[in-house]
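Text of model-v5.txt (compact mmCIF, C-alpha atoms) as supplied:
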```txt
# COMPACT_ATOMS: atom_id res chain seq x y z
CA MET A 1 -73.11 -2.83 -80.63
CA ALA A 2 -74.58 -5.87 -78.86
CA ALA A 3 -76.21 -5.37 -75.48
CA ALA A 4 -74.39 -6.64 -72.40
CA PRO A 5 -75.25 -10.22 -71.47
CA LEU A 6 -77.89 -10.90 -68.86
CA LEU A 7 -75.46 -12.86 -66.67
CA SER A 8 -71.68 -13.23 -66.68
CA LEU A 9 -69.75 -15.12 -64.05
CA THR A 10 -66.24 -16.40 -63.44
CA TRP A 11 -65.61 -19.40 -61.18
CA THR A 12 -62.22 -20.33 -59.71
CA ASP A 13 -61.61 -23.97 -58.79
CA ASP A 14 -60.35 -24.28 -55.22
CA VAL A 15 -58.36 -27.43 -56.08
CA THR A 16 -56.44 -26.43 -59.21
CA GLY A 17 -56.89 -22.66 -59.34
CA ARG A 18 -58.21 -22.97 -62.88
CA GLN A 19 -61.15 -20.87 -64.00
CA GLY A 20 -64.52 -21.61 -65.55
CA PHE A 21 -67.06 -19.24 -67.05
CA LEU A 22 -70.79 -19.02 -67.66
CA VAL A 23 -72.45 -16.35 -69.76
CA VAL A 24 -76.20 -16.10 -70.27
CA ASP A 25 -76.77 -13.74 -73.17
CA ARG A 26 -80.59 -13.89 -73.23
CA LEU A 27 -83.52 -15.88 -71.89
CA VAL A 28 -86.70 -16.92 -73.67
CA ARG A 29 -89.48 -18.06 -71.32
CA GLY A 30 -86.79 -18.21 -68.65
CA VAL A 31 -84.52 -20.69 -70.46
CA CYS A 32 -81.31 -20.49 -72.50
CA SER A 33 -79.23 -22.93 -74.51
CA GLY A 34 -75.51 -23.30 -75.18
CA GLY A 35 -72.79 -25.92 -74.91
CA LEU A 36 -69.90 -26.26 -72.50
CA ARG A 37 -66.39 -26.19 -73.90
CA MET A 38 -63.05 -27.07 -72.33
CA ARG A 39 -59.77 -25.87 -73.76
CA GLU A 40 -56.48 -24.45 -72.54
CA GLY A 41 -56.69 -20.68 -72.73
CA CYS A 42 -60.48 -20.35 -72.74
CA THR A 43 -61.49 -16.83 -71.66
CA LEU A 44 -64.56 -14.97 -70.48
CA GLY A 45 -64.49 -12.86 -73.65
CA GLU A 46 -64.55 -15.98 -75.80
CA VAL A 47 -67.50 -17.42 -73.88
CA THR A 48 -69.36 -14.10 -74.10
CA GLY A 49 -69.04 -14.08 -77.89
CA LEU A 50 -70.19 -17.68 -78.11
CA ALA A 51 -73.22 -16.97 -75.91
CA ARG A 52 -74.25 -14.13 -78.21
CA GLY A 53 -73.85 -16.46 -81.16
CA MET A 54 -76.22 -18.94 -79.52
CA SER A 55 -78.91 -16.28 -79.20
CA LEU A 56 -78.60 -15.66 -82.93
CA LYS A 57 -78.69 -19.38 -83.78
CA GLU A 58 -81.87 -19.85 -81.79
CA ALA A 59 -83.53 -16.87 -83.48
CA LEU A 60 -82.48 -18.00 -86.95
CA HIS A 61 -84.18 -21.37 -86.49
CA TYR A 62 -87.47 -19.89 -85.28
CA ASP A 63 -90.42 -21.42 -87.14
CA PRO A 64 -93.88 -20.48 -85.90
CA ARG A 65 -95.26 -23.73 -87.32
CA ALA A 66 -92.89 -25.89 -85.28
CA ARG A 67 -93.21 -27.32 -81.78
CA TYR A 68 -89.63 -26.25 -81.06
CA VAL A 69 -89.64 -23.14 -78.92
CA PRO A 70 -86.62 -20.86 -79.48
CA LEU A 71 -84.52 -20.45 -76.35
CA GLY A 72 -82.13 -17.74 -75.28
CA GLY A 73 -78.39 -18.03 -75.84
CA ALA A 74 -75.71 -19.02 -73.33
CA LYS A 75 -72.31 -20.69 -73.17
CA GLY A 76 -70.01 -22.27 -70.62
CA GLY A 77 -66.24 -22.61 -70.75
CA ILE A 78 -63.42 -24.11 -68.70
CA ASP A 79 -59.78 -23.09 -69.06
CA CYS A 80 -58.09 -26.50 -69.14
CA ASP A 81 -56.66 -28.93 -71.66
CA PRO A 82 -59.25 -31.75 -71.87
CA ARG A 83 -56.36 -34.24 -71.97
CA ASP A 84 -55.10 -33.06 -68.57
CA PRO A 85 -55.43 -35.81 -65.91
CA GLU A 86 -57.24 -33.29 -63.70
CA ALA A 87 -59.75 -32.32 -66.40
CA TYR A 88 -62.60 -34.65 -65.41
CA GLY A 89 -62.53 -33.74 -61.75
CA LEU A 90 -62.45 -30.08 -62.73
CA LEU A 91 -65.48 -30.61 -64.98
CA VAL A 92 -67.45 -32.21 -62.15
CA ARG A 93 -66.59 -29.41 -59.73
CA TYR A 94 -67.54 -26.77 -62.32
CA LEU A 95 -70.93 -28.40 -62.92
CA ARG A 96 -71.47 -28.68 -59.19
CA ALA A 97 -70.75 -24.96 -58.83
CA VAL A 98 -73.13 -23.91 -61.62
CA ARG A 99 -75.74 -26.53 -60.74
CA PRO A 100 -78.39 -23.92 -59.74
CA TYR A 101 -78.23 -22.43 -63.25
CA VAL A 102 -78.43 -25.82 -65.00
CA GLU A 103 -81.41 -26.73 -62.82
CA SER A 104 -83.24 -23.45 -63.42
CA CYS A 105 -82.34 -21.88 -66.78
CA TRP A 106 -79.22 -23.14 -68.63
CA THR A 107 -79.47 -26.17 -70.93
CA THR A 108 -76.04 -27.34 -72.02
CA GLY A 109 -74.17 -30.17 -73.72
CA GLU A 110 -71.00 -31.07 -75.57
CA ASP A 111 -68.78 -28.52 -77.24
CA LEU A 112 -65.09 -28.19 -78.08
CA GLY A 113 -63.04 -30.60 -75.94
CA LEU A 114 -65.99 -32.40 -74.35
CA SER A 115 -68.19 -35.24 -75.61
CA GLN A 116 -71.84 -35.55 -74.65
CA ASP A 117 -71.12 -38.84 -72.86
CA LEU A 118 -68.53 -37.09 -70.70
CA VAL A 119 -70.83 -34.15 -69.94
CA ASP A 120 -73.65 -36.55 -69.01
CA ARG A 121 -71.41 -38.60 -66.71
CA ALA A 122 -70.02 -35.51 -64.98
CA ALA A 123 -73.49 -33.98 -64.66
CA ALA A 124 -74.77 -37.09 -62.91
CA GLU A 125 -71.79 -37.04 -60.55
CA ALA A 126 -72.50 -33.37 -59.84
CA GLY A 127 -76.03 -34.28 -58.77
CA LEU A 128 -77.90 -33.10 -61.86
CA VAL A 129 -80.86 -34.92 -63.40
CA SER A 130 -79.78 -33.92 -66.90
CA SER A 131 -77.72 -31.23 -68.60
CA VAL A 132 -80.93 -30.03 -70.32
CA GLN A 133 -83.33 -30.35 -67.39
CA ALA A 134 -84.15 -26.62 -67.38
CA VAL A 135 -86.16 -27.05 -70.59
CA TYR A 136 -88.36 -29.84 -69.19
CA PRO A 137 -91.08 -27.48 -67.87
CA LEU A 138 -91.60 -26.21 -71.44
CA LEU A 139 -92.44 -29.68 -72.76
CA ASP A 140 -96.00 -30.88 -73.27
CA ASP A 141 -95.12 -34.45 -72.30
CA GLU A 142 -91.79 -34.63 -70.49
CA THR A 143 -91.66 -38.43 -70.17
CA THR A 144 -92.29 -39.05 -73.87
CA ALA A 145 -89.93 -36.26 -74.94
CA ARG A 146 -87.06 -37.51 -72.77
CA ALA A 147 -87.54 -41.07 -74.01
CA ARG A 148 -87.53 -39.86 -77.62
CA LEU A 149 -84.27 -37.92 -77.13
CA ALA A 150 -82.61 -40.89 -75.37
CA GLU A 151 -83.70 -43.17 -78.21
CA ALA A 152 -82.28 -40.71 -80.76
CA PHE A 153 -78.94 -40.62 -78.97
CA ALA A 154 -78.79 -44.41 -79.20
CA VAL A 155 -79.12 -44.37 -83.01
CA GLU A 156 -75.93 -45.08 -84.95
CA VAL A 157 -75.22 -44.78 -88.67
CA ASP A 158 -72.22 -46.70 -89.98
CA GLY A 159 -70.68 -46.81 -86.53
CA ILE A 160 -71.15 -43.11 -85.64
CA GLY A 161 -73.87 -41.76 -83.36
CA LEU A 162 -76.69 -39.73 -84.86
CA ASP A 163 -75.96 -36.94 -82.37
CA GLU A 164 -72.45 -36.65 -83.83
CA LEU A 165 -73.64 -36.70 -87.43
CA VAL A 166 -76.46 -34.15 -87.60
CA GLY A 167 -74.15 -31.17 -87.08
CA GLY A 168 -71.89 -32.26 -89.92
CA CYS A 169 -74.94 -32.89 -92.07
CA GLY A 170 -75.87 -29.24 -91.53
CA VAL A 171 -72.38 -27.98 -92.34
CA ALA A 172 -72.25 -30.08 -95.50
CA GLU A 173 -75.68 -28.88 -96.62
CA SER A 174 -74.54 -25.29 -96.13
CA VAL A 175 -71.58 -25.90 -98.43
CA LEU A 176 -73.71 -27.69 -101.02
CA THR A 177 -76.23 -24.84 -101.02
CA ALA A 178 -73.46 -22.31 -101.68
CA LEU A 179 -72.10 -24.46 -104.52
CA ASP A 180 -75.56 -24.82 -106.04
CA ARG A 181 -76.14 -21.06 -105.97
CA ALA A 182 -72.81 -20.54 -107.74
CA GLY A 183 -73.47 -23.31 -110.29
CA VAL A 184 -70.40 -25.27 -109.19
CA ALA A 185 -70.44 -29.05 -109.60
CA TYR A 186 -69.80 -31.21 -106.55
CA THR A 187 -67.51 -33.55 -108.45
CA GLY A 188 -64.06 -32.01 -108.65
CA THR A 189 -64.68 -29.58 -105.78
CA ARG A 190 -61.90 -29.97 -103.21
CA VAL A 191 -62.21 -29.54 -99.46
CA SER A 192 -59.63 -28.89 -96.74
CA LEU A 193 -60.65 -29.30 -93.09
CA GLN A 194 -59.14 -28.27 -89.78
CA GLY A 195 -60.31 -30.81 -87.24
CA LEU A 196 -61.68 -34.33 -87.61
CA GLY A 197 -63.60 -34.49 -84.34
CA THR A 198 -67.36 -34.65 -83.99
CA MET A 199 -68.19 -31.79 -86.36
CA GLY A 200 -65.26 -32.04 -88.76
CA GLY A 201 -65.50 -35.80 -89.11
CA ALA A 202 -69.21 -35.81 -89.87
CA THR A 203 -68.79 -32.92 -92.32
CA ALA A 204 -66.04 -34.79 -94.15
CA ARG A 205 -68.25 -37.88 -94.44
CA PHE A 206 -71.28 -36.02 -95.82
CA LEU A 207 -69.27 -33.93 -98.28
CA THR A 208 -67.41 -36.98 -99.56
CA ARG A 209 -70.64 -38.90 -100.03
CA ALA A 210 -72.07 -35.93 -101.94
CA GLY A 211 -69.19 -36.25 -104.43
CA LEU A 212 -66.69 -33.66 -103.17
CA THR A 213 -63.05 -34.61 -102.58
CA VAL A 214 -61.41 -34.08 -99.19
CA VAL A 215 -57.76 -33.31 -99.98
CA ALA A 216 -56.48 -32.24 -96.54
CA VAL A 217 -57.32 -32.76 -92.86
CA ALA A 218 -55.51 -31.16 -89.93
CA ASP A 219 -55.46 -32.50 -86.38
CA VAL A 220 -53.21 -31.92 -83.35
CA LYS A 221 -50.43 -33.96 -84.99
CA GLY A 222 -50.31 -31.96 -88.24
CA THR A 223 -51.96 -31.97 -91.65
CA ILE A 224 -52.65 -35.07 -93.71
CA ALA A 225 -52.99 -34.29 -97.42
CA ASN A 226 -53.44 -36.00 -100.75
CA PRO A 227 -54.26 -33.98 -103.89
CA ASP A 228 -56.09 -37.00 -105.31
CA GLY A 229 -58.27 -37.30 -102.22
CA LEU A 230 -58.02 -38.85 -98.77
CA ASP A 231 -59.74 -42.03 -97.63
CA VAL A 232 -62.12 -40.28 -95.25
CA GLU A 233 -63.73 -43.42 -93.86
CA ALA A 234 -60.34 -44.90 -93.00
CA LEU A 235 -59.32 -41.70 -91.22
CA LEU A 236 -62.61 -41.59 -89.29
CA ALA A 237 -62.14 -45.17 -88.13
CA ALA A 238 -58.59 -44.38 -86.96
CA ARG A 239 -59.48 -41.39 -84.72
CA ASP A 240 -58.95 -41.28 -80.99
CA GLY A 241 -61.41 -39.68 -78.59
CA HIS A 242 -60.12 -36.20 -79.42
CA GLY A 243 -60.19 -36.55 -83.21
CA ALA A 244 -56.47 -37.29 -83.72
CA VAL A 245 -55.80 -39.77 -86.52
CA ASP A 246 -53.48 -42.78 -86.16
CA ARG A 247 -50.93 -42.25 -88.93
CA ALA A 248 -50.55 -46.01 -89.35
CA VAL A 249 -53.62 -45.98 -91.65
CA LEU A 250 -52.13 -43.52 -94.15
CA ARG A 251 -51.67 -44.74 -97.71
CA PRO A 252 -48.47 -44.36 -99.78
CA GLY A 253 -49.78 -41.22 -101.54
CA ASP A 254 -50.83 -39.47 -98.34
CA LEU A 255 -48.55 -36.67 -97.18
CA GLU A 256 -47.78 -35.53 -93.63
CA LEU A 257 -47.45 -31.74 -93.56
CA PRO A 258 -47.21 -29.03 -90.88
CA GLY A 259 -50.32 -28.28 -88.84
CA ASP A 260 -51.17 -25.04 -90.66
CA ALA A 261 -50.76 -26.47 -94.16
CA TRP A 262 -54.53 -27.00 -94.43
CA LEU A 263 -54.91 -23.23 -94.93
CA SER A 264 -52.95 -23.06 -98.17
CA THR A 265 -53.89 -26.44 -99.63
CA ASP A 266 -55.34 -26.19 -103.14
CA ALA A 267 -59.05 -26.42 -102.39
CA GLU A 268 -62.24 -24.56 -103.21
CA VAL A 269 -63.72 -25.02 -99.74
CA LEU A 270 -62.09 -24.61 -96.32
CA VAL A 271 -63.85 -25.97 -93.24
CA PRO A 272 -62.34 -24.78 -89.94
CA ALA A 273 -63.93 -27.29 -87.56
CA ALA A 274 -61.64 -27.20 -84.56
CA VAL A 275 -60.80 -24.03 -82.65
CA SER A 276 -61.88 -20.41 -82.40
CA TYR A 277 -59.69 -17.64 -83.83
CA ALA A 278 -57.93 -19.97 -86.29
CA ILE A 279 -57.86 -17.49 -89.18
CA GLY A 280 -56.46 -14.03 -88.54
CA VAL A 281 -55.05 -11.37 -90.83
CA ALA A 282 -51.82 -13.28 -91.47
CA GLU A 283 -53.55 -16.62 -92.03
CA GLN A 284 -56.11 -15.24 -94.50
CA GLU A 285 -53.31 -14.19 -96.85
CA ARG A 286 -52.52 -17.87 -97.45
CA ILE A 287 -56.07 -18.85 -98.37
CA GLY A 288 -56.94 -19.46 -102.00
CA ALA A 289 -60.31 -21.10 -101.40
CA ARG A 290 -63.57 -19.55 -102.61
CA TRP A 291 -65.65 -20.52 -99.58
CA ILE A 292 -64.96 -20.91 -95.86
CA ALA A 293 -67.63 -22.80 -93.92
CA GLU A 294 -67.33 -22.09 -90.19
CA ALA A 295 -68.02 -25.48 -88.63
CA ALA A 296 -66.22 -24.29 -85.48
CA ASN A 297 -67.40 -21.31 -83.45
CA MET A 298 -65.72 -17.99 -84.27
CA PRO A 299 -62.81 -19.41 -86.29
CA VAL A 300 -62.40 -16.33 -88.54
CA LEU A 301 -61.47 -13.05 -86.88
CA PRO A 302 -63.48 -9.99 -88.01
CA GLU A 303 -60.47 -8.21 -89.50
CA ALA A 304 -59.59 -11.29 -91.53
CA GLU A 305 -63.19 -11.69 -92.70
CA GLU A 306 -63.23 -8.13 -94.05
CA LEU A 307 -60.09 -8.80 -96.07
CA LEU A 308 -61.41 -12.14 -97.33
CA HIS A 309 -64.71 -10.56 -98.38
CA ALA A 310 -62.85 -7.81 -100.24
CA ARG A 311 -61.10 -10.39 -102.40
CA GLY A 312 -64.19 -12.48 -103.07
CA VAL A 313 -63.89 -15.22 -100.46
CA SER A 314 -67.29 -15.98 -98.94
CA VAL A 315 -67.30 -16.84 -95.22
CA LEU A 316 -70.39 -18.89 -94.39
CA PRO A 317 -70.88 -17.89 -90.73
CA ASP A 318 -70.90 -20.18 -87.71
CA VAL A 319 -74.28 -18.91 -86.47
CA VAL A 320 -75.78 -20.52 -89.57
CA VAL A 321 -73.40 -23.28 -90.63
CA ASN A 322 -72.92 -25.15 -87.35
CA SER A 323 -76.39 -24.55 -85.92
CA GLY A 324 -77.76 -27.94 -86.94
CA THR A 325 -76.66 -29.80 -83.82
CA ASN A 326 -78.36 -27.41 -81.44
CA ALA A 327 -81.51 -27.32 -83.56
CA TRP A 328 -81.66 -31.13 -83.82
CA TRP A 329 -81.61 -31.47 -80.02
CA TRP A 330 -84.70 -29.29 -79.77
CA TRP A 331 -86.46 -30.63 -82.87
CA THR A 332 -86.16 -34.07 -81.29
CA LEU A 333 -87.03 -33.13 -77.73
CA PHE A 334 -90.03 -31.00 -78.71
CA GLY A 335 -91.23 -33.60 -81.22
CA ASP A 336 -90.65 -32.03 -84.63
CA VAL A 337 -88.59 -35.10 -85.61
CA GLY A 338 -88.49 -38.62 -84.27
CA ALA A 339 -85.61 -40.84 -83.22
CA ASP A 340 -84.81 -41.77 -86.81
CA ALA A 341 -81.68 -40.97 -88.81
CA ASP A 342 -83.34 -40.53 -92.19
CA GLU A 343 -85.97 -38.21 -90.72
CA ALA A 344 -83.33 -36.22 -88.82
CA PHE A 345 -81.08 -35.80 -91.87
CA ALA A 346 -83.98 -34.83 -94.14
CA HIS A 347 -85.26 -32.22 -91.68
CA THR A 348 -81.75 -30.86 -91.13
CA ARG A 349 -81.11 -30.58 -94.86
CA ARG A 350 -84.40 -28.80 -95.54
CA SER A 351 -83.95 -26.37 -92.67
CA MET A 352 -80.30 -25.60 -93.36
CA ARG A 353 -80.78 -25.20 -97.10
CA ALA A 354 -83.67 -22.78 -96.60
CA LEU A 355 -81.69 -20.79 -94.03
CA VAL A 356 -78.48 -20.61 -96.10
CA GLU A 357 -80.46 -19.67 -99.21
CA ARG A 358 -82.10 -16.84 -97.31
CA VAL A 359 -78.81 -15.61 -95.84
CA LEU A 360 -76.91 -15.67 -99.13
CA ALA A 361 -79.76 -13.98 -100.99
CA ARG A 362 -79.92 -11.27 -98.33
CA ALA A 363 -76.14 -10.77 -98.47
CA GLU A 364 -76.28 -10.42 -102.24
CA ALA A 365 -79.20 -7.98 -102.10
CA ASP A 366 -77.61 -5.87 -99.36
CA GLY A 367 -74.10 -6.04 -100.80
CA THR A 368 -72.74 -7.30 -97.51
CA THR A 369 -71.21 -10.41 -95.94
CA PRO A 370 -73.23 -13.55 -95.16
CA ARG A 371 -72.54 -12.93 -91.46
CA ALA A 372 -74.00 -9.43 -91.59
CA ALA A 373 -77.00 -10.82 -93.45
CA ALA A 374 -77.52 -13.57 -90.86
CA HIS A 375 -77.32 -11.05 -88.03
CA ALA A 376 -79.84 -8.83 -89.79
CA ILE A 377 -82.28 -11.72 -90.23
CA ALA A 378 -81.89 -12.73 -86.58
CA ALA A 379 -82.45 -9.14 -85.46
CA GLU A 380 -85.72 -9.08 -87.42
CA ARG A 381 -86.91 -12.29 -85.78
CA LEU A 382 -86.16 -11.31 -82.19
CA PRO A 383 -89.13 -8.91 -81.88
CA VAL A 384 -91.42 -11.63 -83.27
CA ILE A 385 -90.16 -14.05 -80.64
CA THR A 386 -90.62 -11.40 -77.97
CA GLU A 387 -94.20 -10.77 -79.04
CA ARG A 388 -95.08 -14.46 -79.02
CA PHE A 389 -93.20 -15.67 -75.95
CA GLY A 390 -92.87 -12.60 -73.75
CA GLN A 391 -89.83 -10.71 -72.55
CA TYR A 392 -86.79 -11.91 -74.47
CA ARG A 393 -84.34 -10.75 -71.85
```

Representation of the structure as C-alpha cells:
Amino acid sequence: MAAAPLLSLTWTDDVTGRQGFLVVDRLVRGVCSGGLRMREGCTLGEVTGLARGMSLKEALHYDPRARYVPLGGAKGGIDCDPRDPEAYGLLVRYLRAVRPYVESCWTTGEDLGLSQDLVDRAAAEAGLVSSVQAVYPLLDDETTARARLAEAFAVEVDGIGLDELVGGCGVAESVLTALDRAGVAYTGTRVSLQGLGTMGGATARFLTRAGLTVVAVADVKGTIANPDGLDVEALLAARDGHGAVDRAVLRPGDLELPGDAWLSTDAEVLVPAAVSYAIGVAEQERIGARWIAEAANMPVLPEAEELLHARGVSVLPDVVVNSGTNAWWWWTLFGDVGADADEAFAHTRRSMRALVERVLARAEADGTTPRAAAHAIAAERLPVITERFGQYR
C-alpha cells in the first residue's frame, strides 16, 4: 500500500463555490513535478492517484549519467468544465491561492483540459514568474536554461508545437516497442484512439507515419471510424482547441458512430488518450484489441486491468507510456537535449524504447502485468535517488 502523500489540500473558490486540489506525493531536493488538470467532476482521490503516478514517472526516468535531476511527484486539479465561461477566472484564482507552493516547490504545466499557453497566461495574471519557477534553483545556469526551454516551445513541426508532439512520440514508441517484441508488423496493424487532443493527436500522427492504420478516433461528439483508415492529418487540421473534430472534413467512407464505439472497433491497439477511468469492468468486455497503451492518466480501472490481463490483453501503463512529455521538459531545461525537434524525438525514442523494453521483460520474467513491473522498477530506483539526492520525502 502506498504511503500517504506529503501534502494534500482542497481549495474552495469564493466566487463560484467550485473546488480545486493540490497533492504533493513526494519531494526530491525540495521540488516536485506534476501538471494541472481541469475537468467537471475532478476529485481529490483522482488527483492523489495522479500525484503518486508522477513520483513513479520521475523515478522511472532516472539516469545517473544525465543532467536531469528526478523530482518528486505532484498534481493539481480543478473541478470545472474547461469550456465553462467561468473557467479561466477560476483558473487564475486557483493559481493565486496555491502561488506559495508554485513559488517554492511545485512545478506544473498543462494537463487534461488545459493548454500550456492557457496555464502560462493564467500564471502570469496570478503573479507568478513561471509555472516551473520552483525548479530554477536546481539549475546550473538559469538564464541559459530558461532561454533554451522557451526556444524549444517555439519550435513547430508541420504546424504543431514540439511541446505537443513529444508526448505522442513517446506513446507511439511504446506501442512500436511492444509490436517489435511480439514480432508484429507495423503495416496492417490497426489503432483506435479515444481523444484527439494534444496527446492523442500526436500519437495518431506518429503511429500513422510509422505505417500503422488509425481506424477510429473518438472525441466529445462521438466516434469517427473507417476500416480502411482515417485521414489523420485532415482530422488534426480540423480540431478545435479542445480536440473536437469538425465533421465537415469527413470523407464519404468515414462513419459517425456513438462515442463509445472506439472500444469495440476492430483494432489491435487501443489508445485511451482522453479521460481517466474510461475502461471499467463492463467496458473491458467489449475490447478485442491485443494492446492498450495508456496515453491518458489512469484510464483503465484496476479491476478491468486484471480481467484484461487474464485474457491476454497487455495494458501498457500510463506511468511509462505517457511519461515522455514530463521527461522532455526536464531534459530540455537541464540541458540533456537542445531546442531541436530531431534531437528531442531521437532522445525520446531511445529513452522510451529502453524503458518499455525493460518493463515488458520484467513483466514476462515475473509473470505479472506491465504496470506491476513498472512499479517494481520504480521502487528499486527510489532508494538510489534517496542516496544520491537526500531525503526523498

Scan for residues within 8 Å of the point (-54.7, -23.5, -106.4) in the coordinates of the file, using all atoms listed in the file, and reply as a list in words.
->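 Collected hits near the coordinates: Thr265, Asp266, Ala267, Gly288 and Ala289 of chain A.
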
Could you dump the residues just selected with C-alpha atoms as a CSV table (one decimal), in the coordinates of the input?
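Everything below was put into selection05.csv:
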```csv
chain,number,residue,atom,x,y,z
A,265,THR,CA,-53.9,-26.4,-99.6
A,266,ASP,CA,-55.3,-26.2,-103.1
A,267,ALA,CA,-59.0,-26.4,-102.4
A,288,GLY,CA,-56.9,-19.5,-102.0
A,289,ALA,CA,-60.3,-21.1,-101.4
```

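Contact shell of stretch 356-365 of chain A at 7 Å (only C-alpha atoms; same-chain neighbours under 6 positions omitted): Ser174, Thr177, Ala373 and Ala374 of chain A.
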
So, counting all atoms listed in the file, which residue among A:Ala152, A:Pro85, A:Val98, A:Asp141 is closest to A:Val337?
->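 Smallest separation from A:Val337 among the options: A:Ala152.
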
Might you pull out every residue within 12 Å of A:Gln116, with all atoms listed in the file counted and same-chain residues fewer than 5 positions away left off, and present them as a ChimeraX atom specification?
-> /A:35-37,108-111,121-123,130-132,153,161,163-164,198,241,325,329

Contact residues around A:Glu380 with only C-alpha atoms at 12 Å, ignoring same-chain residues under 6 positions, as an mmCIF file with C-alpha atoms, in the coordinates of the input:
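And here's selection31.cif as it stands now:
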```
data_model
loop_
_atom_site.group_PDB
_atom_site.id
_atom_site.type_symbol
_atom_site.label_atom_id
_atom_site.label_comp_id
_atom_site.auth_asym_id
_atom_site.auth_seq_id
_atom_site.Cartn_x
_atom_site.Cartn_y
_atom_site.Cartn_z
ATOM 1 C CA LEU A 56 -78.600 -15.660 -82.930
ATOM 2 C CA ALA A 59 -83.530 -16.870 -83.480
ATOM 3 C CA LEU A 60 -82.480 -18.000 -86.950
ATOM 4 C CA TYR A 62 -87.470 -19.890 -85.280
ATOM 5 C CA ALA A 373 -77.000 -10.820 -93.450
ATOM 6 C CA ALA A 374 -77.520 -13.570 -90.860
ATOM 7 C CA THR A 386 -90.620 -11.400 -77.970
#
```

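When atom CA of A:Gly20 is paired with atom CA of A:Ala218, their separation reads 27.7 Å.
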
What separation in Å, quoted to one decimal, exists between atom CA of A:Ser115 and atom CA of A:Met38?
->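 Rounded to one decimal, the two atoms are 10.2 Å apart.
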
Got a sec: who's within 12 Å of A:Gly49, counting only C-alpha atoms, leaving out chain neighbours fewer than 3 positions off, as a ChimeraX atom specification?
-> /A:2-5,8,22-25,34,42-46,52-56,73-77,276-277,297-299,301,318-319

Which residues come within 9 Å of A:Val155, counting only C-alpha atoms, excluding same-chain residues fewer than 5 positions away, as a list in words?
-> Ile160, Gly161, Leu162, Asp163, Ala339, Asp340 and Ala341 of chain A

Choose the residue, out of A:Leu382, A:Leu149, A:Ala97, A:Leu257, that has the smallest atom-to-atom separation from A:Trp331; count only C-alpha atoms.
->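 Nearest candidate to A:Trp331 out of A:Leu382, A:Leu149, A:Ala97, A:Leu257: A:Leu149.
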
Measure the distance from atom CA of A:Thr368 to atom CA of A:Asp180 in Å and round it to one decimal.
->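 Rounded to one decimal, the two atoms are 19.7 Å apart.
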
Counting only C-alpha atoms, the option among A:Arg239, A:Val175, A:Ala274, A:Ala204 closest to A:Ile292 | A:Val175

Stretch 77-83 of chain A, all listed atoms, 3 Å padding on each side: what axis-aligned box centre and edge lengths in Å to one decimal come out, as lines of an AutoDock Vina configuration file?
```
center_x = -61.3
center_y = -28.4
center_z = -70.3
size_x = 15.9
size_y = 17.6
size_z = 9.3
```
